[in-house]
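K.L.:
So that we are looking at the same thing, I have put the structure below in structure tokens.
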Amino acid sequence: MTSRSLGQFYPVASPVHDLDPRAKILATAVFVVGLFLIDSTVGLLFVAAALVALVTMSRIPAGTFLLLLRPVLFIVALTVLFQVLFSREGVTLAEWGFFEIRSGGLSLGFFLALRILLLVSSAGLLTATTAPVALADGIEDLLSPLKRVRFPAHEVAMMMTIALRFIPTLGKEAEKIKGAQAARGADFSEGGPLRRARSLVPLLVPLTVGAFRRADELAEAMESRGYRGGEGRTRYRELRFRKRDALALAVTALVLLIGVLL
Amino acid sequence: MRLELRDVRYVYAPGTPFEVEALRGVSLVVEPGEVLGIVGGTGSGKSTLVQHMNLLLTPTGGEVLVDGVDATTLKKSELRRRVGLVFQFPESALFAPTVEEDVAFAPRQLGLDEEEVQERVLESLRALEAGELAARSPFALSGGEKRRAAIAGVLAMKPEVLVLDEPTAGLDPATREDLLALILGLRNAGISVVLVSHDLDEVAEVADRVCALQEGRVRAIGTPAEVFYREPAQAPATVRVASLLRESKPEIGAPVRFAETLDALRALQGA
């Protein structure tokens, strides 16, 4: 695990960071749905340009943001490969025995690759510009209408907060245990798949034991501070939906609409 | 073996807002068969420093030398056998079903034959007064027993330098005494020990030399007497007592260990 993991919050001050988390969550949802309604490459490129502008506004360095896309590059490459090799549309550009590359496959591959990258980027921008706690507050608030049908909105949001909060903690713990086992001669990179899987045992067992211990400790700490669930619980940070949040949401919807029409 | 760190620098997460300069040019030597104490406040770079001793962390600048040879040119597995590193709270890395198997992990990784492995397991456990724990599950032990088992797991590699990062943190007094005795025993057997600790009295008790770190730099290095009398704010209790007395009775000298201080006081009383 690297110190910068997928979609980690990137704490800088920017107009994007400053938006209400609910506006950002809704805008991301609109964005994702919109992506699947767009059926032209031109439309996707237009939306991509808008997203690039948004990333620039968020003051996250382009290099850092691109790191976020690294884990999906494999899927993207695979998608493109399949489209290029097996599509039977358009004019044939090259041929090797059974395989042939056609223009239709190339353009479809490009279209799908762009869609996947945009999908991941939009979700990544949300988590990179929104502190985990704010994100959970936003989700809780958006889910709160469901409380009427007894949906445990607060509990779900609390679980998400805790899960998000503990990702870096467990990452650090894993790093430490990995170091401790490496000091005892463990090698996590040598041998075939089976040997490598087995070499993970000295890492995974202590990590699991530690996670359970932490869960216990956290539950006790929460109870000792009087936590009893969401009933009647107030907030230190009240969410406020301002004009610019509505504006951001409207602009996102507009950009996607144009993308769909293009 | 002689372990030397030359102007070692280390930066965590360079080029991000999380960037931290943990070591800003640390030079020190661990001489063969000495106990080197490393003290310093939280965040002074102690834990980062010790992870450079077996190259778990690669320095961003400077070099680590093993008997004068650049450590990066050595085989990593060999280096990690020769420099045994015990992390802070090492018990969090216990994983095997029994203590015996856990301690056997490192010697098995070294590719030793089973007979030799068993011998080392017993020897290491005995050195930590933990022989009777061999067949038990490491997860069912007390805190002190877990710590003993975890340290035995590194000792079983028969390192030439043993690096202990806060080995006595949160321990009961008996286990702690045993550990300090083990450190002295290892030194007498010619093994170097690096002891990182917040407990100045314990460092005074066993260290031949002390290195005080502050904000990623060496603030002072020398014999315990030199370092502790020069930095009264960071002196162990016995040194503070002796320092007070020295103002009127310079003949008390510069005692550092508890026993030395007592002896000096007795001598004064007799005079």
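In the structure tokens, chains take letters A, B, ... by order of appearance, with residues numbered from 1 within each chain and ligands from 1 in the order shown.
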For A:Val91, list every protein, DNA or RNA residue within 10 Å, evaluated using only C-alpha atoms, and leave out those in the same chain fewer than 3 positions away; present the list as a list in words.
P.N.:
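The residues that qualify are Arg88, Ala94, Ile101, Arg102, Ser103, Gly104 and Gly105 of chain A.
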K.L.:
What are the closest atom pairs, with distances in Å to one decimal, for all residues of chain A lying within 6 Å of chain B? Consider only C-alpha atoms, order rows by chain and residue number, and present the result as a tab-separated table.
P.N.:
residue	atom	partner	partner_atom	distance
A:Ile177	CA	B:Ala93	CA	5.5
A:Ala183	CA	B:Arg80	CA	5.7
A:Arg184	CA	B:Ala106	CA	4.8
A:Gly185	CA	B:Ala106	CA	5.7
A:Pro202	CA	B:Phe95	CA	5.6
A:Val205	CA	B:Phe95	CA	5.5
A:Pro206	CA	B:Ala93	CA	5.5
K.L.:
Extract, using only C-alpha atoms, all DNA, RNA and protein residues at most 10 Å from B:Glu177, discarding same-chain residues fewer than 6 positions from it, and format them as a list in words.
P.N.:
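Residues near the query, excluding close chain neighbours: Thr168, Leu171, Ile183 and Glu202 of chain B.
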K.L.:
Could you pull out the strand (DSSP E or B) residues of stretch 30-228 of chain B, going by DSSP on the backbone, and write them as number ranges by chain?
P.N.:
B: 30, 35-40, 61-66, 69-70, 83-86, 161-165, 192-196, 209-214, 217-222
K.L.:
May I have the residues within 9 Å of stretch 126-129 of chain B as a PDB file with all heavy atoms, in the first residue's frame, using only C-alpha atoms and disregarding those fewer than 5 positions away in the same chain?
P.N.:
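After the write, out-v3.pdb holds the following:
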ATOM      1  N   VAL B 121      14.914 -21.917  18.438  1.00  0.00           N
ATOM      2  CA  VAL B 121      13.649 -21.533  19.051  1.00  0.00           C
ATOM      3  C   VAL B 121      13.747 -21.674  20.571  1.00  0.00           C
ATOM      4  O   VAL B 121      13.432 -20.742  21.320  1.00  0.00           O
ATOM      5  CB  VAL B 121      12.481 -22.392  18.499  1.00  0.00           C
ATOM      6  CG1 VAL B 121      11.238 -22.202  19.341  1.00  0.00           C
ATOM      7  CG2 VAL B 121      12.210 -22.048  17.045  1.00  0.00           C
ATOM      8  N   ARG B 148       7.751 -10.920  25.125  1.00  0.00           N
ATOM      9  CA  ARG B 148       8.885 -11.844  25.182  1.00  0.00           C
ATOM     10  C   ARG B 148       8.929 -12.724  23.944  1.00  0.00           C
ATOM     11  O   ARG B 148       9.977 -12.897  23.329  1.00  0.00           O
ATOM     12  CB  ARG B 148       8.755 -12.764  26.406  1.00  0.00           C
ATOM     13  CG  ARG B 148       9.057 -12.102  27.730  1.00  0.00           C
ATOM     14  CD  ARG B 148       8.675 -13.059  28.851  1.00  0.00           C
ATOM     15  NE  ARG B 148       8.528 -12.354  30.113  1.00  0.00           N
ATOM     16  CZ  ARG B 148       9.461 -12.356  31.074  1.00  0.00           C
ATOM     17  NH1 ARG B 148      10.564 -13.035  30.907  1.00  0.00           N
ATOM     18  NH2 ARG B 148       9.262 -11.691  32.181  1.00  0.00           N
ATOM     19  N   ALA B 149       7.764 -13.271  23.570  1.00  0.00           N
ATOM     20  CA  ALA B 149       7.699 -14.165  22.414  1.00  0.00           C
ATOM     21  C   ALA B 149       8.135 -13.424  21.153  1.00  0.00           C
ATOM     22  O   ALA B 149       8.892 -13.952  20.338  1.00  0.00           O
ATOM     23  CB  ALA B 149       6.283 -14.704  22.249  1.00  0.00           C
ATOM     24  N   ILE B 151      10.065 -10.761  20.823  1.00  0.00           N
ATOM     25  CA  ILE B 151      11.504 -10.454  20.794  1.00  0.00           C
ATOM     26  C   ILE B 151      12.300 -11.723  20.503  1.00  0.00           C
ATOM     27  O   ILE B 151      13.273 -11.705  19.743  1.00  0.00           O
ATOM     28  CB  ILE B 151      11.934  -9.775  22.104  1.00  0.00           C
ATOM     29  CG1 ILE B 151      11.241  -8.415  22.222  1.00  0.00           C
ATOM     30  CG2 ILE B 151      13.447  -9.599  22.157  1.00  0.00           C
ATOM     31  CD1 ILE B 151      11.484  -7.687  23.517  1.00  0.00           C
ATOM     32  N   ALA B 152      11.842 -12.850  21.078  1.00  0.00           N
ATOM     33  CA  ALA B 152      12.511 -14.126  20.800  1.00  0.00           C
ATOM     34  C   ALA B 152      12.487 -14.419  19.305  1.00  0.00           C
ATOM     35  O   ALA B 152      13.447 -14.969  18.752  1.00  0.00           O
ATOM     36  CB  ALA B 152      11.828 -15.253  21.571  1.00  0.00           C
ATOM     37  N   LEU B 155      15.397 -12.606  17.915  1.00  0.00           N
ATOM     38  CA  LEU B 155      16.657 -13.121  18.477  1.00  0.00           C
ATOM     39  C   LEU B 155      17.044 -14.450  17.834  1.00  0.00           C
ATOM     40  O   LEU B 155      18.233 -14.771  17.720  1.00  0.00           O
ATOM     41  CB  LEU B 155      16.474 -13.303  19.989  1.00  0.00           C
ATOM     42  CG  LEU B 155      17.716 -13.239  20.852  1.00  0.00           C
ATOM     43  CD1 LEU B 155      18.445 -11.934  20.638  1.00  0.00           C
ATOM     44  CD2 LEU B 155      17.347 -13.418  22.307  1.00  0.00           C
ATOM     45  N   THR B 175       9.123  -8.114  33.728  1.00  0.00           N
ATOM     46  CA  THR B 175       9.523  -8.366  32.340  1.00  0.00           C
ATOM     47  C   THR B 175      10.579  -7.362  31.917  1.00  0.00           C
ATOM     48  O   THR B 175      11.526  -7.668  31.206  1.00  0.00           O
ATOM     49  CB  THR B 175       8.305  -8.258  31.408  1.00  0.00           C
ATOM     50  OG1 THR B 175       7.270  -9.099  31.905  1.00  0.00           O
ATOM     51  CG2 THR B 175       8.644  -8.679  29.997  1.00  0.00           C
ATOM     52  N   ASP B 178      13.931  -8.265  33.297  1.00  0.00           N
ATOM     53  CA  ASP B 178      14.448  -9.388  32.515  1.00  0.00           C
ATOM     54  C   ASP B 178      15.030  -8.903  31.196  1.00  0.00           C
ATOM     55  O   ASP B 178      16.084  -9.358  30.756  1.00  0.00           O
ATOM     56  CB  ASP B 178      13.331 -10.398  32.219  1.00  0.00           C
ATOM     57  CG  ASP B 178      12.994 -11.235  33.440  1.00  0.00           C
ATOM     58  OD1 ASP B 178      13.759 -11.162  34.419  1.00  0.00           O
ATOM     59  OD2 ASP B 178      11.964 -11.929  33.411  1.00  0.00           O
ATOM     60  N   LEU B 179      14.315  -7.967  30.561  1.00  0.00           N
ATOM     61  CA  LEU B 179      14.766  -7.457  29.261  1.00  0.00           C
ATOM     62  C   LEU B 179      16.094  -6.728  29.388  1.00  0.00           C
ATOM     63  O   LEU B 179      17.000  -6.911  28.579  1.00  0.00           O
ATOM     64  CB  LEU B 179      13.728  -6.495  28.710  1.00  0.00           C
ATOM     65  CG  LEU B 179      12.838  -7.043  27.608  1.00  0.00           C
ATOM     66  CD1 LEU B 179      11.915  -5.948  27.111  1.00  0.00           C
ATOM     67  CD2 LEU B 179      13.690  -7.559  26.465  1.00  0.00           C
ATOM     68  N   LEU B 182      18.740  -9.166  29.766  1.00  0.00           N
ATOM     69  CA  LEU B 182      19.027  -9.798  28.473  1.00  0.00           C
ATOM     70  C   LEU B 182      19.945  -8.914  27.636  1.00  0.00           C
ATOM     71  O   LEU B 182      20.904  -9.395  27.018  1.00  0.00           O
ATOM     72  CB  LEU B 182      17.717 -10.036  27.718  1.00  0.00           C
ATOM     73  CG  LEU B 182      17.893 -10.508  26.270  1.00  0.00           C
ATOM     74  CD1 LEU B 182      18.251 -11.978  26.234  1.00  0.00           C
ATOM     75  CD2 LEU B 182      16.653 -10.235  25.446  1.00  0.00           C
TER      76      LEU B 182
END
K.L.:
What is the atom CA of B:Pro167-atom CA of A:Lys172 distance in Å, reported with one decimal?
P.N.:
19.8 Å
K.L.:
Just how far from atom CA of B:Leu200 is atom CA of B:Ser243, in Å to one decimal?
P.N.:
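The value is 15.1 Å.
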K.L.:
Which residue gives the smallest distance to B:Ala237 among B:Val203, B:Asp263, B:Gly111, B:Ala212, with only C-alpha atoms counted?
P.N.:
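For B:Ala237, the nearest of the candidates is B:Val203.
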K.L.:
Could you pull the residues within 12 Å of A:Val52, counting only C-alpha atoms, minus those fewer than 2 positions along the same chain, as a ChimeraX atom specification?
P.N.:
/A:45-50,54-62,65-66,117-118,121-122,125
K.L.:
Hey, can you spit out that residue selection with N, CA and C atoms as a PDB file, in the first residue's frame?
P.N.:
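Result went into selection_34.pdb, see below:
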ATOM      1  N   LEU A  45     -15.963  13.893 -24.801  1.00  0.00           N
ATOM      2  CA  LEU A  45     -14.815  14.803 -24.799  1.00  0.00           C
ATOM      3  C   LEU A  45     -15.196  16.147 -24.201  1.00  0.00           C
ATOM      4  N   PHE A  46     -16.410  16.599 -24.506  1.00  0.00           N
ATOM      5  CA  PHE A  46     -16.887  17.865 -23.942  1.00  0.00           C
ATOM      6  C   PHE A  46     -16.952  17.777 -22.409  1.00  0.00           C
ATOM      7  N   VAL A  47     -17.537  16.666 -21.917  1.00  0.00           N
ATOM      8  CA  VAL A  47     -17.644  16.482 -20.473  1.00  0.00           C
ATOM      9  C   VAL A  47     -16.244  16.356 -19.857  1.00  0.00           C
ATOM     10  N   ALA A  48     -15.339  15.662 -20.558  1.00  0.00           N
ATOM     11  CA  ALA A  48     -13.975  15.499 -20.060  1.00  0.00           C
ATOM     12  C   ALA A  48     -13.304  16.862 -19.902  1.00  0.00           C
ATOM     13  N   ALA A  49     -13.527  17.748 -20.871  1.00  0.00           N
ATOM     14  CA  ALA A  49     -12.935  19.087 -20.807  1.00  0.00           C
ATOM     15  C   ALA A  49     -13.448  19.818 -19.562  1.00  0.00           C
ATOM     16  N   ALA A  50     -14.760  19.669 -19.309  1.00  0.00           N
ATOM     17  CA  ALA A  50     -15.343  20.315 -18.140  1.00  0.00           C
ATOM     18  C   ALA A  50     -14.731  19.750 -16.856  1.00  0.00           C
ATOM     19  N   LEU A  54     -12.584  21.469 -13.795  1.00  0.00           N
ATOM     20  CA  LEU A  54     -12.976  21.323 -12.396  1.00  0.00           C
ATOM     21  C   LEU A  54     -11.789  20.857 -11.544  1.00  0.00           C
ATOM     22  N   VAL A  55     -11.008  19.895 -12.075  1.00  0.00           N
ATOM     23  CA  VAL A  55      -9.833  19.409 -11.350  1.00  0.00           C
ATOM     24  C   VAL A  55      -8.841  20.561 -11.161  1.00  0.00           C
ATOM     25  N   THR A  56      -8.699  21.385 -12.203  1.00  0.00           N
ATOM     26  CA  THR A  56      -7.790  22.525 -12.104  1.00  0.00           C
ATOM     27  C   THR A  56      -8.258  23.468 -10.991  1.00  0.00           C
ATOM     28  N   MET A  57      -9.580  23.690 -10.951  1.00  0.00           N
ATOM     29  CA  MET A  57     -10.133  24.552  -9.903  1.00  0.00           C
ATOM     30  C   MET A  57      -9.901  23.985  -8.502  1.00  0.00           C
ATOM     31  N   SER A  58      -9.821  22.653  -8.401  1.00  0.00           N
ATOM     32  CA  SER A  58      -9.699  22.025  -7.084  1.00  0.00           C
ATOM     33  C   SER A  58      -8.285  22.141  -6.512  1.00  0.00           C
ATOM     34  N   ARG A  59      -7.352  22.674  -7.316  1.00  0.00           N
ATOM     35  CA  ARG A  59      -5.961  22.874  -6.877  1.00  0.00           C
ATOM     36  C   ARG A  59      -5.249  21.582  -6.508  1.00  0.00           C
ATOM     37  N   ILE A  60      -5.744  20.452  -7.007  1.00  0.00           N
ATOM     38  CA  ILE A  60      -5.014  19.194  -6.817  1.00  0.00           C
ATOM     39  C   ILE A  60      -4.048  19.074  -7.990  1.00  0.00           C
ATOM     40  N   PRO A  61      -2.746  18.885  -7.709  1.00  0.00           N
ATOM     41  CA  PRO A  61      -1.774  18.795  -8.805  1.00  0.00           C
ATOM     42  C   PRO A  61      -2.168  17.681  -9.784  1.00  0.00           C
ATOM     43  N   ALA A  62      -2.029  17.966 -11.074  1.00  0.00           N
ATOM     44  CA  ALA A  62      -2.460  17.015 -12.098  1.00  0.00           C
ATOM     45  C   ALA A  62      -1.798  15.646 -11.889  1.00  0.00           C
ATOM     46  N   PHE A  65      -3.447  13.714  -9.203  1.00  0.00           N
ATOM     47  CA  PHE A  65      -4.769  13.264  -9.602  1.00  0.00           C
ATOM     48  C   PHE A  65      -4.685  12.071 -10.553  1.00  0.00           C
ATOM     49  N   LEU A  66      -3.682  12.103 -11.437  1.00  0.00           N
ATOM     50  CA  LEU A  66      -3.553  11.019 -12.407  1.00  0.00           C
ATOM     51  C   LEU A  66      -3.159   9.708 -11.724  1.00  0.00           C
ATOM     52  N   LEU A 117     -12.623   6.078 -17.561  1.00  0.00           N
ATOM     53  CA  LEU A 117     -11.719   7.042 -16.919  1.00  0.00           C
ATOM     54  C   LEU A 117     -12.510   8.202 -16.311  1.00  0.00           C
ATOM     55  N   LEU A 118     -13.535   8.654 -17.009  1.00  0.00           N
ATOM     56  CA  LEU A 118     -14.343   9.762 -16.490  1.00  0.00           C
ATOM     57  C   LEU A 118     -15.110   9.335 -15.240  1.00  0.00           C
ATOM     58  N   SER A 121     -12.639   9.180 -12.437  1.00  0.00           N
ATOM     59  CA  SER A 121     -12.173  10.531 -12.105  1.00  0.00           C
ATOM     60  C   SER A 121     -13.210  11.299 -11.307  1.00  0.00           C
ATOM     61  N   SER A 122     -14.483  11.181 -11.711  1.00  0.00           N
ATOM     62  CA  SER A 122     -15.503  11.969 -11.022  1.00  0.00           C
ATOM     63  C   SER A 122     -15.640  11.502  -9.572  1.00  0.00           C
ATOM     64  N   LEU A 125     -12.597  12.650  -7.701  1.00  0.00           N
ATOM     65  CA  LEU A 125     -12.605  14.079  -7.384  1.00  0.00           C
ATOM     66  C   LEU A 125     -13.471  14.332  -6.151  1.00  0.00           C
TER      67      LEU A 125
END
K.L.:
Set the distance at 7 Å and use only C-alpha atoms: which residues neighbour B:Ser137 once local chain neighbours fewer than 5 positions away are removed? I'd like the list as number ranges by chain.
P.N.:
B: 97-99
K.L.:
For a test of reading the model, state the distance in Å between atom CA of A:Glu173 and atom CA of A:Ala211, rounded to one decimal.
P.N.:
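Value for the atom CA of A:Glu173-atom CA of A:Ala211 distance: 9.3 Å.
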K.L.:
Extract the full set of alpha helix (DSSP H) residues from stretch 131-170 of chain A according to DSSP on the backbone, and format it as a PyMOL selection string.
P.N.:
chain A and resi 132-143+153-170
K.L.:
Residues at most 6 Å from B:Val193, counting only C-alpha atoms, excluding those fewer than 4 positions away in the same chain, as a compact mmCIF listing (two decimals) with N, CA, C and O atoms, in the first residue's frame?
P.N.:
# COMPACT_ATOMS: atom_id res chain seq x y z
N VAL B 35 26.26 -1.17 23.90
CA VAL B 35 24.85 -0.84 23.98
C VAL B 35 24.72 0.66 23.73
O VAL B 35 25.26 1.47 24.48
N VAL B 161 23.74 -7.32 15.44
CA VAL B 161 23.27 -6.09 16.10
C VAL B 161 21.78 -6.29 16.36
O VAL B 161 21.04 -6.66 15.45
N LEU B 162 21.37 -6.07 17.59
CA LEU B 162 19.95 -6.18 17.90
C LEU B 162 19.41 -4.77 18.17
O LEU B 162 19.91 -4.07 19.04
N VAL B 163 18.43 -4.36 17.37
CA VAL B 163 17.86 -3.03 17.53
C VAL B 163 16.48 -3.16 18.17
O VAL B 163 15.61 -3.83 17.63
K.L.:
Which of these, A:Val156, A:Leu200, A:Ile25, A:Leu106, has the shortest distance to A:Ala134 once you count only C-alpha atoms?
P.N.:
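Smallest distance to A:Ala134 is found for A:Ile25.
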